[in-house]
Every structure is written in C-alpha cells, then in structure tokens.
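Shown below: work-v2.txt, with compact mmCIF, C-alpha atoms.
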```
# COMPACT_ATOMS: atom_id res chain seq x y z
CA MET A 222 4.86 -33.67 -95.54
CA LEU A 223 4.74 -30.01 -94.57
CA THR A 224 5.03 -30.89 -90.89
CA SER A 225 8.10 -33.02 -91.50
CA LEU A 226 9.77 -30.18 -93.41
CA LEU A 227 9.09 -27.73 -90.60
CA LEU A 228 10.48 -30.15 -88.05
CA LYS A 229 13.55 -30.70 -90.18
CA PHE A 230 14.15 -26.96 -90.37
CA CYS A 231 13.61 -26.68 -86.63
CA SER A 232 16.18 -29.41 -85.98
CA ILE A 233 18.76 -27.55 -88.06
CA ILE A 234 18.15 -24.33 -86.16
CA LEU A 235 18.39 -26.11 -82.83
CA TYR A 236 21.59 -27.86 -83.85
CA SER A 237 23.15 -24.59 -84.98
CA ILE A 238 22.42 -22.82 -81.71
CA SER A 239 23.43 -25.80 -79.53
CA LEU A 240 20.31 -25.98 -77.41
CA ASN A 241 21.34 -26.14 -73.74
CA MET A 242 19.49 -28.70 -71.67
CA GLU A 243 19.03 -28.40 -67.92
CA SER A 244 17.78 -31.97 -68.06
CA LEU A 245 16.17 -34.27 -70.59
CA GLU A 246 12.82 -33.71 -68.88
CA ASN A 247 13.16 -29.93 -68.56
CA PRO A 248 14.75 -28.38 -71.64
CA LYS A 249 15.90 -24.79 -71.31
CA LYS A 250 14.91 -22.42 -74.08
CA PRO A 251 17.95 -20.51 -75.33
CA ARG A 252 17.50 -16.79 -74.69
CA ILE A 253 18.44 -14.90 -77.85
CA LEU A 254 19.13 -11.18 -78.20
CA CYS A 255 17.73 -9.93 -81.53
CA LEU A 256 19.33 -7.00 -83.39
CA HIS A 257 17.30 -5.46 -86.21
CA GLY A 258 18.64 -4.14 -89.51
CA GLY A 259 19.64 -0.55 -90.22
CA SER A 260 16.84 2.04 -90.26
CA SER A 261 14.44 -0.37 -88.57
CA ASN A 262 13.31 -1.19 -85.04
CA ALA A 263 12.58 -4.04 -82.63
CA THR A 264 8.87 -4.22 -83.52
CA LEU A 265 9.50 -4.44 -87.26
CA PHE A 266 12.15 -7.13 -86.80
CA LYS A 267 9.81 -9.18 -84.64
CA GLU A 268 7.22 -8.96 -87.41
CA GLU A 269 9.82 -10.05 -89.98
CA LEU A 270 10.75 -13.12 -87.94
CA SER A 271 7.10 -14.06 -87.45
CA ILE A 272 7.25 -15.58 -90.94
CA TRP A 273 9.24 -18.47 -89.43
CA PRO A 274 7.13 -21.42 -88.31
CA ASP A 275 6.05 -21.83 -84.70
CA TYR A 276 8.03 -25.08 -84.63
CA VAL A 277 11.15 -22.90 -84.65
CA LEU A 278 10.09 -19.79 -82.75
CA GLU A 279 8.58 -21.64 -79.79
CA LYS A 280 11.95 -23.26 -79.11
CA MET A 281 13.67 -19.90 -78.49
CA ASP A 282 13.15 -17.02 -76.05
CA LEU A 283 13.63 -14.03 -78.37
CA VAL A 284 14.31 -10.58 -76.91
CA PHE A 285 14.15 -7.60 -79.30
CA ILE A 286 15.80 -4.24 -78.63
CA ASN A 287 16.11 -0.96 -80.56
CA GLY A 288 19.44 0.36 -81.74
CA PRO A 289 20.92 3.29 -79.79
CA PHE A 290 21.10 5.82 -82.63
CA PRO A 291 18.34 7.47 -84.70
CA ALA A 292 18.18 6.61 -88.39
CA TYR A 293 18.44 9.38 -90.96
CA ARG A 294 17.07 9.68 -94.49
CA ASP A 295 18.17 12.62 -96.63
CA GLY A 296 19.50 14.28 -93.49
CA ILE A 297 16.21 14.00 -91.62
CA ILE A 298 15.59 11.72 -88.62
CA VAL A 299 13.18 8.88 -89.38
CA ASP A 300 10.79 8.54 -86.42
CA GLU A 301 11.06 5.30 -84.47
CA HIS A 302 13.78 3.90 -86.74
CA PHE A 303 17.24 3.17 -85.39
CA GLU A 304 20.82 2.18 -86.24
CA TRP A 305 23.56 0.27 -84.42
CA TYR A 306 26.25 2.57 -85.78
CA ALA A 307 26.60 5.41 -88.27
CA LYS A 308 29.07 4.95 -91.11
CA ASP A 309 30.36 8.29 -92.37
CA ASP A 310 33.19 8.63 -94.90
CA GLU A 311 34.67 5.22 -94.01
CA THR A 312 34.65 6.05 -90.29
CA TYR A 313 32.62 4.48 -87.49
CA GLY A 314 32.82 7.21 -84.91
CA ASN A 315 30.04 5.89 -82.66
CA PHE A 316 30.62 2.18 -83.23
CA GLU A 317 32.14 1.40 -79.84
CA GLU A 318 29.41 3.41 -78.14
CA GLY A 319 26.90 1.11 -79.86
CA ILE A 320 28.71 -2.02 -78.68
CA ALA A 321 28.77 -0.68 -75.12
CA TYR A 322 25.01 -0.07 -75.40
CA ILE A 323 24.44 -3.69 -76.50
CA GLU A 324 26.52 -4.93 -73.57
CA ASP A 325 24.45 -2.82 -71.14
CA CYS A 326 21.26 -4.29 -72.61
CA MET A 327 22.65 -7.80 -72.20
CA VAL A 328 23.41 -7.07 -68.55
CA LYS A 329 19.93 -5.65 -67.89
CA LEU A 330 17.86 -8.13 -69.91
CA GLY A 331 20.01 -11.28 -69.80
CA PRO A 332 21.59 -13.61 -69.35
CA PHE A 333 21.60 -14.51 -73.03
CA ASP A 334 22.72 -17.69 -74.73
CA GLY A 335 23.11 -16.23 -78.21
CA VAL A 336 22.53 -13.33 -80.58
CA LEU A 337 20.48 -13.13 -83.78
CA GLY A 338 20.90 -10.20 -86.16
CA LYS A 339 19.86 -9.09 -89.64
CA SER A 340 21.72 -6.82 -92.08
CA GLN A 341 23.41 -4.09 -90.00
CA GLY A 342 22.38 -6.01 -86.90
CA GLY A 343 23.88 -9.13 -88.48
CA ILE A 344 27.15 -7.30 -89.16
CA VAL A 345 27.36 -6.37 -85.48
CA THR A 346 26.30 -9.86 -84.36
CA GLY A 347 29.10 -11.38 -86.42
CA LEU A 348 31.89 -9.71 -84.48
CA LEU A 349 30.44 -9.77 -80.95
CA PRO A 350 31.80 -13.24 -80.07
CA GLY A 351 35.29 -12.21 -81.23
CA LEU A 352 35.21 -9.00 -79.21
CA GLN A 353 34.20 -11.04 -76.19
CA GLU A 354 36.79 -13.76 -76.80
CA HIS A 355 39.58 -11.17 -76.90
CA SER A 356 38.22 -9.32 -73.84
CA VAL A 357 37.56 -6.08 -75.74
CA TYR A 358 33.84 -5.87 -74.89
CA LEU A 359 31.10 -8.02 -73.35
CA LYS A 360 33.29 -8.81 -70.33
CA LYS A 361 30.29 -8.29 -68.02
CA VAL A 362 28.10 -11.00 -69.58
CA PRO A 363 28.28 -14.80 -70.02
CA LYS A 364 29.91 -16.22 -73.13
CA ILE A 365 27.90 -15.98 -76.35
CA GLU A 366 27.28 -19.61 -77.20
CA HIS A 367 25.86 -19.24 -80.72
CA VAL A 368 24.86 -16.71 -83.38
CA VAL A 369 22.30 -16.54 -86.18
CA ILE A 370 23.18 -14.02 -88.90
CA ILE A 371 20.75 -13.01 -91.66
CA SER A 372 22.19 -11.13 -94.65
CA GLY A 373 25.33 -10.15 -92.79
CA ALA A 374 28.86 -9.14 -93.73
CA LYS A 375 32.31 -9.10 -92.16
CA LEU A 376 33.17 -5.76 -90.62
CA GLY A 377 36.86 -5.13 -91.16
CA GLY A 378 36.71 -7.14 -94.37
CA ILE A 379 37.06 -6.17 -98.01
CA THR A 380 33.69 -4.42 -98.36
CA PHE A 381 33.54 -2.87 -94.89
CA PRO A 382 37.16 -2.07 -93.92
CA GLY A 383 36.57 -0.51 -90.48
CA PRO A 384 36.49 0.01 -87.54
CA LYS A 385 39.83 -0.86 -85.96
CA ILE A 386 38.44 -3.13 -83.23
CA ALA A 387 37.01 -5.41 -85.94
CA GLU A 388 40.57 -6.53 -86.69
CA THR A 389 40.84 -7.80 -83.13
CA ALA A 390 37.45 -9.50 -83.24
CA PHE A 391 38.42 -11.53 -86.32
CA SER A 392 42.11 -12.01 -85.51
CA SER A 393 41.43 -15.73 -84.92
CA PRO A 394 38.66 -18.08 -86.11
CA ILE A 395 35.46 -17.84 -84.05
CA ASN A 396 34.74 -21.30 -82.71
CA ILE A 397 31.07 -21.28 -81.73
CA PRO A 398 28.03 -22.69 -83.59
CA SER A 399 26.87 -20.20 -86.23
CA LEU A 400 23.98 -20.12 -88.70
CA HIS A 401 24.29 -17.80 -91.72
CA ILE A 402 21.26 -17.05 -93.93
CA PHE A 403 21.32 -15.10 -97.19
CA GLY A 404 19.59 -15.13 -100.57
CA GLU A 405 20.17 -15.50 -104.28
CA ASN A 406 18.96 -11.94 -104.92
CA ASP A 407 20.40 -10.56 -101.70
CA PHE A 408 22.99 -7.79 -102.11
CA ALA A 409 24.65 -9.37 -99.06
CA ARG A 410 25.33 -12.48 -101.17
CA GLU A 411 28.66 -10.91 -102.16
CA THR A 412 29.68 -10.04 -98.58
CA ALA A 413 28.16 -12.81 -96.46
CA PRO A 414 30.67 -15.56 -97.45
CA GLU A 415 33.55 -13.56 -96.00
CA LEU A 416 31.82 -13.54 -92.62
CA VAL A 417 30.95 -17.25 -92.95
CA GLU A 418 34.66 -18.02 -93.32
CA ALA A 419 35.45 -16.22 -90.07
CA TYR A 420 33.68 -19.04 -88.18
CA VAL A 421 34.66 -22.64 -87.50
CA ASP A 422 32.26 -25.21 -88.99
CA PRO A 423 29.52 -22.73 -89.97
CA LEU A 424 26.06 -23.71 -91.24
CA VAL A 425 24.67 -21.77 -94.22
CA ILE A 426 21.06 -21.62 -95.37
CA TYR A 427 20.85 -20.21 -98.90
CA HIS A 428 17.42 -19.18 -100.18
CA HIS A 429 15.99 -17.85 -103.42
CA GLY A 430 14.83 -14.48 -102.10
CA GLY A 431 16.48 -11.14 -101.49
CA HIS A 432 17.61 -9.07 -98.52
CA GLU A 433 14.95 -10.40 -96.19
CA VAL A 434 13.99 -12.90 -93.54
CA PRO A 435 12.99 -15.83 -95.74
CA LYS A 436 9.96 -18.04 -95.48
CA LEU A 437 11.68 -21.38 -95.68
CA GLY A 438 10.37 -24.62 -97.12
CA TRP A 439 12.23 -27.62 -98.40
CA LEU A 440 15.92 -27.95 -97.62
CA LEU A 441 18.50 -29.55 -99.88
CA ALA A 442 22.17 -30.13 -99.16
CA SER A 443 24.37 -30.50 -102.24
CA ASP A 444 27.74 -29.65 -103.79
CA TRP A 445 25.87 -27.19 -106.03
CA ALA A 446 24.74 -25.35 -102.90
CA TYR A 447 28.35 -24.58 -102.00
CA MET A 448 28.92 -23.00 -105.39
CA VAL A 449 25.79 -20.85 -105.64
CA ALA A 450 25.80 -19.70 -102.01
CA GLY A 451 29.38 -18.49 -101.98
CA GLY A 452 30.20 -17.89 -105.61
CA GLY A 453 32.65 -20.76 -105.24
CA ASN A 454 34.43 -18.97 -102.38
CA LEU A 455 33.04 -20.72 -99.30
CA LYS A 456 35.58 -22.77 -97.44
CA LYS A 457 35.19 -26.53 -97.57
CA GLY A 458 34.21 -26.75 -93.90
CA ALA A 459 30.97 -24.83 -94.43
CA ARG A 460 27.77 -26.89 -94.49
CA VAL A 461 25.27 -25.47 -96.95
CA VAL A 462 21.59 -26.20 -97.50
CA VAL A 463 19.38 -24.62 -100.15
CA ALA A 464 15.92 -23.57 -99.04
CA GLY A 465 12.83 -23.28 -101.23
CA TRP A 466 9.42 -21.75 -100.62
CA PHE A 467 6.33 -23.35 -99.08
```
The structure in this file should be written as structure tokens.
Amino acid sequence: MLTSLLLKFCSIILYSISLNMESLENPKKPRILCLHGGSSNATLFKEELSIWPDYVLEKMDLVFINGPFPAYRDGIIVDEHFEWYAKDDETYGNFEEGIAYIEDCMVKLGPFDGVLGKSQGGIVTGLLPGLQEHSVYLKKVPKIEHVVIISGAKLGGITFPGPKIAETAFSSPINIPSLHIFGENDFARETAPELVEAYVDPLVIYHHGGHEVPKLGWLLASDWAYMVAGGGNLKKGARVVVAGWF
C-alpha cells in the first residue's frame, strides 16, 4: 500500500514537470535548479527535500545553489545563510541583480528544464518564466519548461506589491506546467493562491503542515480541497489534491 502511494505521488510530480523523453528506452531526467528559502542555503534546502521519497527524487537531477546576498538577523550577517533579494521599506533595490545572478548560474550549470523553489526562492521561481517569456531576463538560457513552488507568493501582488518588473512577468497568464505546494498552517496559505492563479492549469498539493517541505502520504482530490487550499479563491481550472502524513 505504501509503495503504491509513493508511486502515485511520483506520477503526479512527473506529470506536473512534463518529463522530457529522449526515447521510450532512454528517459531523460529533467534537470531542476533549486532555490532555497530566505535566510537559508543550498545544503539546508537539499536536506529539507530529502524527506521526499526516493521514488520522486531519483527521477530528477536536482542542482542546488546559494543565493547571492548574505542574510541578516538584527542587523548582523548570519554566516552561510543567504537571500535572493533584500526587501527594505517596500523596495527591492537588489532584486534585478539577484535575477541576473540566477541567469548566470543557469548558463554555467545548465541547461535546465525547470526550477524548484521554496518560500523566498519560490517567490522568485514563480516569476522567472514570465520574465523569460517577455524577454526581460533569462534570454541566454533555454525555455523554463516547468516549475515547482513550495510555500510561494506572487511578487507584484496584493501582499508583495513590488518590484516593477514583476508587473511585466505576470502581465499575461504563464502557460507552463506548474506544481504549487503549501500547508494548512502555512503563513503562505494566504498568499500562495494568488500565484497559483497566475498559471494556466496549475496543480496544487495542499498538506496539513506549516511553512515547510512536507512529508507526503495519501493524496485525495475533492471539491473540499479547492475550498480549504485557497480559502474559496482558487480559480476553477486549478487541480487540487490534499496530502496526509505517512
């Protein structure tokens, strides 16, 4: 029973990221760039994702990088912890510098098929395909084919109104496969649905935890899932499954 649940979860992940196949006999692992949350690092994010079953992780080539800016706590730099941007008084002065850094990493370490991000990394992941589609950034790298966003939010939305380039990124619906994961006790529960609605035909996994990478068990699709995952605000095109614990 446990094996079948893991395989089911794996199939959902693979569907959401549109696994590219070189041939039926020689499947190509999608190469995924992984962006950690704020005040974290690549090593910690890799450890967080290790909670996912091997049935999922072995199907993807995950590449973890550190953010370009040091993280601060009470005005003091936190050693070996990083950010993708620094928000100060509703401004994002170094945001575009951070996006340029991600593009450079994609050039050096790619090519990549998709991007996976959590929290602040998920916020950035959410707008990358739009920036690329409108030729603002990521013009040097192949098209992002899919995204996985854990506890994300829409930059340029109601909660996070800036920066200016976010308006361009979300000026039209983003039409690539997307997987959005957030929890019942996740403070991102209030902001994640707005990002979900920026995508065409998104898939949502709603779990009973908090602001974390969840350990997922059984999966249930239902009308109730639409209500609890989005507070009744998710668009009808979103597919929602509720995840329990092992």
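Atom pair CA of Ile370 (chain A) / CA of Ala390 (chain A) has a distance of 16.0 Å (rounded to one decimal).
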Contacts of Asn287 (chain A) at 10 Å or less, counting all atoms listed in the file, minus same-chain residues fewer than 3 places along, as a PDB file with C-alpha atoms, in the coordinates of the input?
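The result, written out as result.pdb:
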```
ATOM      1  CA  CYS A 255      17.730  -9.930 -81.530  1.00  0.00           C
ATOM      2  CA  LEU A 256      19.330  -7.000 -83.390  1.00  0.00           C
ATOM      3  CA  HIS A 257      17.300  -5.460 -86.210  1.00  0.00           C
ATOM      4  CA  GLY A 258      18.640  -4.140 -89.510  1.00  0.00           C
ATOM      5  CA  SER A 261      14.440  -0.370 -88.570  1.00  0.00           C
ATOM      6  CA  ASN A 262      13.310  -1.190 -85.040  1.00  0.00           C
ATOM      7  CA  ALA A 263      12.580  -4.040 -82.630  1.00  0.00           C
ATOM      8  CA  THR A 264       8.870  -4.220 -83.520  1.00  0.00           C
ATOM      9  CA  PHE A 266      12.150  -7.130 -86.800  1.00  0.00           C
ATOM     10  CA  PHE A 290      21.100   5.820 -82.630  1.00  0.00           C
ATOM     11  CA  PRO A 291      18.340   7.470 -84.700  1.00  0.00           C
ATOM     12  CA  GLU A 301      11.060   5.300 -84.470  1.00  0.00           C
ATOM     13  CA  HIS A 302      13.780   3.900 -86.740  1.00  0.00           C
ATOM     14  CA  PHE A 303      17.240   3.170 -85.390  1.00  0.00           C
ATOM     15  CA  GLU A 304      20.820   2.180 -86.240  1.00  0.00           C
ATOM     16  CA  TRP A 305      23.560   0.270 -84.420  1.00  0.00           C
ATOM     17  CA  ILE A 323      24.440  -3.690 -76.500  1.00  0.00           C
TER      18      ILE A 323
END
```
**Q.** Contacts of Ala307 (chain A) at 8 Å (all atoms listed in the file; same-chain gap of 5+ positions) as a ChimeraX atom specification
**A.** /A:290,313-316
Q | Residues near Ile397 (chain A), cut-off 8 Å, only C-alpha atoms, skip fewer than 4 positions along chain, as number ranges by chain | A | A: 366-368, 420-421
Could you write out the selected residues, including C-alpha atoms, as a compact mmCIF listing (two decimals), in the coordinates of the input?
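As a result, part-v1.txt now contains:
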```txt
# COMPACT_ATOMS: atom_id res chain seq x y z
CA GLU A 366 27.28 -19.61 -77.20
CA HIS A 367 25.86 -19.24 -80.72
CA VAL A 368 24.86 -16.71 -83.38
CA TYR A 420 33.68 -19.04 -88.18
CA VAL A 421 34.66 -22.64 -87.50
```
Q: One decimal, Å: what's the distance from CA of Ser271 (chain A) over to CA of Val284 (chain A), could you say?
A: 13.2 Å
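Note that the spacing between CA of Glu411 (chain A) and CA of Thr380 (chain A) amounts to 9.0 Å.
The smallest atom-to-atom distance between Leu416 (chain A) and any of A:Pro394, A:Gly383, A:Pro289, A:Gly319, using only C-alpha atoms, is found for A:Pro394.
Distance check against Asn406 (chain A) using only C-alpha atoms: of A:Arg252, A:Arg294, A:His428, A:Lys385, the minimum falls on A:His428.
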Q.
Counting only C-alpha atoms, which residue out of A:Ala413, A:Lys329, A:Asp295, A:Ile402 sits closest to Ile379 (chain A)?
A. A:Ala413
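Residues in contact range of Pro384 (chain A), defined as at most 9 Å between all atoms listed in the file, with sequence neighbours fewer than 3 positions away removed, read Glu311, Thr312, Tyr313, Gly314, Phe316, Glu317, Leu376, Gly377, Phe381, Ala387 and Glu388 of chain A.
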Return region 322-333 of chain A, completed with N, CA and C atoms, as a PDB file, keeping the file's coordinate frame.
```pdb
ATOM      1  N   TYR A 322      26.467  -0.075 -75.604  1.00  0.00           N
ATOM      2  CA  TYR A 322      25.010  -0.070 -75.400  1.00  0.00           C
ATOM      3  C   TYR A 322      24.460  -1.493 -75.433  1.00  0.00           C
ATOM      4  N   ILE A 323      24.902  -2.303 -76.404  1.00  0.00           N
ATOM      5  CA  ILE A 323      24.440  -3.690 -76.500  1.00  0.00           C
ATOM      6  C   ILE A 323      24.850  -4.463 -75.248  1.00  0.00           C
ATOM      7  N   GLU A 324      26.067  -4.242 -74.776  1.00  0.00           N
ATOM      8  CA  GLU A 324      26.520  -4.930 -73.570  1.00  0.00           C
ATOM      9  C   GLU A 324      25.650  -4.541 -72.366  1.00  0.00           C
ATOM     10  N   ASP A 325      25.322  -3.269 -72.239  1.00  0.00           N
ATOM     11  CA  ASP A 325      24.450  -2.820 -71.140  1.00  0.00           C
ATOM     12  C   ASP A 325      23.089  -3.499 -71.225  1.00  0.00           C
ATOM     13  N   CYS A 326      22.550  -3.622 -72.441  1.00  0.00           N
ATOM     14  CA  CYS A 326      21.260  -4.290 -72.610  1.00  0.00           C
ATOM     15  C   CYS A 326      21.350  -5.763 -72.227  1.00  0.00           C
ATOM     16  N   MET A 327      22.466  -6.395 -72.543  1.00  0.00           N
ATOM     17  CA  MET A 327      22.650  -7.800 -72.200  1.00  0.00           C
ATOM     18  C   MET A 327      22.732  -7.987 -70.686  1.00  0.00           C
ATOM     19  N   VAL A 328      23.336  -7.026 -70.013  1.00  0.00           N
ATOM     20  CA  VAL A 328      23.410  -7.070 -68.550  1.00  0.00           C
ATOM     21  C   VAL A 328      22.014  -6.913 -67.944  1.00  0.00           C
ATOM     22  N   LYS A 329      21.245  -5.957 -68.451  1.00  0.00           N
ATOM     23  CA  LYS A 329      19.930  -5.650 -67.890  1.00  0.00           C
ATOM     24  C   LYS A 329      18.880  -6.698 -68.231  1.00  0.00           C
ATOM     25  N   LEU A 330      18.929  -7.251 -69.433  1.00  0.00           N
ATOM     26  CA  LEU A 330      17.860  -8.130 -69.910  1.00  0.00           C
ATOM     27  C   LEU A 330      18.247  -9.599 -69.940  1.00  0.00           C
ATOM     28  N   GLY A 331      19.509  -9.905 -69.695  1.00  0.00           N
ATOM     29  CA  GLY A 331      20.010 -11.280 -69.800  1.00  0.00           C
ATOM     30  C   GLY A 331      19.795 -12.086 -68.541  1.00  0.00           C
ATOM     31  N   PRO A 332      20.504 -13.201 -68.444  1.00  0.00           N
ATOM     32  CA  PRO A 332      21.590 -13.610 -69.350  1.00  0.00           C
ATOM     33  C   PRO A 332      21.082 -14.158 -70.668  1.00  0.00           C
ATOM     34  N   PHE A 333      21.930 -14.033 -71.709  1.00  0.00           N
ATOM     35  CA  PHE A 333      21.600 -14.510 -73.030  1.00  0.00           C
ATOM     36  C   PHE A 333      22.506 -15.672 -73.428  1.00  0.00           C
TER      37      PHE A 333
END
```
